[in-house]
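The next block holds one structure in the form of C-alpha cells; read it before the comments.
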Amino acid sequence: MIFTRTQRPGQRLSEESICEALSVSRNTLREAFRLLSHERLLDHRLNRGVFVRVLSAEDVSDLYRVRRVLEGAAVRRTPTPQALAQIAEAMADAERAAAADDWRAVGTANIRFHQALVTLNQSPRIDETMRQLLAELRLVFHVMDNPRDFHEPFVDRNRELLELVQAGEHDRAAAYLDGYLDHAERLLLRAYEPNR
C-alpha cells in the first residue's frame, strides 16, 4: 500500500481500516507495523499513531552515500551468468514498461535492476541491506511530481551500465555509476527544494 501510493508519506495509518481491508487481526497488523518501522518505512508517534515515514533531504543524501559503497563495490566484481541474467531481465522489463508509457513500472524495474546489480557482491547481508535501502528510496520517489521526468533518463543509463558490466570494464563501470548516482541524487534533492 505504501509502494503503490495508497498510503503516502506523512499519512496516518488507520488500524481499523487496514485490518478490515487486509482481513487481519490488530495484533497481526501491529506486528507488521513494528517490522515496517524497523525497516524505516513507518514512524510511531507517541499518543498520535503510526505514520508513513517522510524522508528528509539529508536522508536522501545518506541513502545515496550507502548506494555508492554497495553498488560501486558490485560493479568492480566479475559477474556470474546468473547475476547478469537477473540484471538483464530487469533492464528488459524497464524498457518494455517505458515503451508502454508505464513510468511507475519503470521505477519498479529500476529498483530490481539495482538490487540485482548488488548481488554481484555475492553477500546475502549486502543483498538484505540493499533491499531495505531501496524500500526507503521508494518513499523518496513519492516527492517526484512526474515519474517519467525522473525515470526516463535512467532507462538508457541502466543499459549503458549493464553493457560496461558485461564487457568486464570494471573501472569504467564504477566511474559511470558515480556520475549516474550523482545525477539521480541531484534530481531527488531538487524535488525537496522549497518553492521549486
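Chain lettering (A, B, ...) mirrors the order of the C-alpha cells, residue numbering begins at 1 for each chain separately, and ligand numbering begins at 1 in order of display.
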Leaving out stretch 28-42 of chain A and any residue of its chain fewer than 5 positions from it, which residues lie within 6 Å of it when counting only C-alpha atoms, given as a PyMOL selection string?
-> chain A and resi 51-53
Using only C-alpha atoms, find each residue in stretch 29-105 of chain A having at least one atom no more than 8 Å away from stretch 116-121 of chain A; report its shortest atom-to-atom pair and that distance in Å (one decimal), rows by chain then rising number, as a tab-separated table.
residue	atom	partner	partner_atom	distance
A:Leu70	CA	A:Val118	CA	6.5
A:Glu71	CA	A:Val118	CA	5.6
A:Ala73	CA	A:Asn121	CA	6.9
A:Ala74	CA	A:Asn121	CA	4.9
A:Val75	CA	A:Leu120	CA	7.1
A:Arg77	CA	A:Leu120	CA	6.3
A:Thr78	CA	A:Leu120	CA	7.4
A:Pro79	CA	A:Leu120	CA	5.7
A:Thr80	CA	A:Leu120	CA	7.4
A:Ala83	CA	A:Leu120	CA	6.5
A:Gln86	CA	A:Ala116	CA	6.0
A:Ile87	CA	A:Ala116	CA	5.3
Take the residues just selected and output them with N, CA and C atoms as an mmCIF file, in the first residue's frame.
data_model
loop_
_atom_site.group_PDB
_atom_site.id
_atom_site.type_symbol
_atom_site.label_atom_id
_atom_site.label_comp_id
_atom_site.auth_asym_id
_atom_site.auth_seq_id
_atom_site.Cartn_x
_atom_site.Cartn_y
_atom_site.Cartn_z
ATOM 1 N N LEU A 70 27.827 0.265 -1.837
ATOM 2 C CA LEU A 70 27.353 -1.075 -2.196
ATOM 3 C C LEU A 70 27.422 -1.346 -3.698
ATOM 4 N N GLU A 71 26.920 -0.408 -4.492
ATOM 5 C CA GLU A 71 26.885 -0.621 -5.929
ATOM 6 C C GLU A 71 28.261 -0.431 -6.554
ATOM 7 N N ALA A 73 31.119 -1.194 -5.202
ATOM 8 C CA ALA A 73 31.852 -2.453 -4.987
ATOM 9 C C ALA A 73 31.348 -3.530 -5.946
ATOM 10 N N ALA A 74 30.047 -3.544 -6.175
ATOM 11 C CA ALA A 74 29.453 -4.590 -7.021
ATOM 12 C C ALA A 74 29.977 -4.533 -8.455
ATOM 13 N N VAL A 75 30.020 -3.341 -9.036
ATOM 14 C CA VAL A 75 30.415 -3.252 -10.453
ATOM 15 C C VAL A 75 31.910 -3.511 -10.653
ATOM 16 N N ARG A 77 33.280 -6.201 -9.493
ATOM 17 C CA ARG A 77 33.419 -7.662 -9.416
ATOM 18 C C ARG A 77 33.055 -8.302 -10.752
ATOM 19 N N THR A 78 33.602 -9.474 -10.982
ATOM 20 C CA THR A 78 33.267 -10.221 -12.193
ATOM 21 C C THR A 78 31.897 -10.864 -11.999
ATOM 22 N N PRO A 79 30.963 -10.580 -12.890
ATOM 23 C CA PRO A 79 29.598 -11.084 -12.698
ATOM 24 C C PRO A 79 29.462 -12.556 -13.051
ATOM 25 N N THR A 80 28.571 -13.234 -12.333
ATOM 26 C CA THR A 80 28.207 -14.604 -12.686
ATOM 27 C C THR A 80 27.164 -14.545 -13.798
ATOM 28 N N ALA A 83 23.732 -13.711 -12.283
ATOM 29 C CA ALA A 83 23.552 -12.309 -11.909
ATOM 30 C C ALA A 83 23.317 -11.452 -13.143
ATOM 31 N N GLN A 86 19.761 -11.809 -14.309
ATOM 32 C CA GLN A 86 18.810 -11.046 -13.483
ATOM 33 C C GLN A 86 18.851 -9.560 -13.820
ATOM 34 N N ILE A 87 20.040 -9.029 -13.974
ATOM 35 C CA ILE A 87 20.188 -7.610 -14.301
ATOM 36 C C ILE A 87 19.569 -7.329 -15.671
#
If you run DSSP on the backbone, which residues of stretch 42-189 of chain A are strand (DSSP E or B), as number ranges by chain?
-> A: 42-45, 49-52
Could you name the residues that touch A:Gly49 at 10 Å or less, counting only C-alpha atoms, but leaving out those on the same chain fewer than 2 positions away, as a list in words?
->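 Skipping anything fewer than 2 positions along the chain leaves Arg12, Leu13, Ser14, Glu15, Asp43, His44, Arg45, Leu46, Asn47 and Phe51 of chain A.
The shortest atom-to-atom distance to A:Gly10, with only C-alpha atoms taken into account, belongs to A:Val140 out of A:Val60, A:Leu187, A:Val140, A:Ile111.
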Considering only C-alpha atoms, return as a VMD selection string whatever protein or nucleic-acid residues lie within 9 Å of A:Arg67, sequence-local ones (same chain, fewer than 3 positions apart) excluded.
-> chain A and resid 62 to 64 70 to 72 130 133 181
Would you mind exporting C-alpha atoms of the selected residues as a compact mmCIF listing (two decimals), in the first residue's frame?
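The result, written out as part-v5.txt:
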# COMPACT_ATOMS: atom_id res chain seq x y z
CA ASP A 62 22.66 9.35 3.17
CA LEU A 63 20.86 6.72 1.08
CA TYR A 64 22.99 7.72 -1.90
CA LEU A 70 27.35 -1.07 -2.20
CA GLU A 71 26.88 -0.62 -5.93
CA GLY A 72 30.40 0.71 -6.51
CA MET A 130 20.27 -3.04 -0.33
CA LEU A 133 17.72 0.81 1.37
CA LEU A 181 24.16 8.24 -8.80
Which residue out of A:Val50, A:Ile2, A:Val155, A:Ala109 has the minimum interatomic distance to A:Ala135 when only C-alpha atoms are used?
->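 Smallest separation from A:Ala135 among the options: A:Ile2.
Between atom CA of A:Ser56 and atom CA of A:Val106 there is a distance of 23.8 Å.
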Atom CA of A:Met144 and atom CA of A:Leu189 are how many Å apart?
->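 Between atom CA of A:Met144 and atom CA of A:Leu189 the gap is 10.0 Å.
Here atom CA of A:Thr6 is placed at a distance of 17.0 Å from atom CA of A:Ser23.
Neighbouring residues of A:Glu152 at 8 Å or closer, counting only C-alpha atoms and skipping chain neighbours under 4 positions away, are A:Ala98, A:Trp103, A:Arg148, A:Asp156.
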Kindly indicate which residue among A:His114, A:Gly107, A:Met1, A:Ala57 lies nearest to A:Asp127, using only C-alpha atoms for the distances.
-> A:His114
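Candidate residues A:Gln82, A:Ser123, A:Cys19, A:Ala92 were compared for distance to A:Arg159, and the nearest is A:Ala92, using only C-alpha atoms.
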Residues of stretch 45-131 of chain A in alpha helix (DSSP H), written as number ranges by chain | A: 57-74, 81-99, 103-118, 124-131
Counting only C-alpha atoms, the residue of A:Glu16, A:Glu89, A:Asp145, A:Glu95 that sits nearest A:Arg190 = A:Asp145
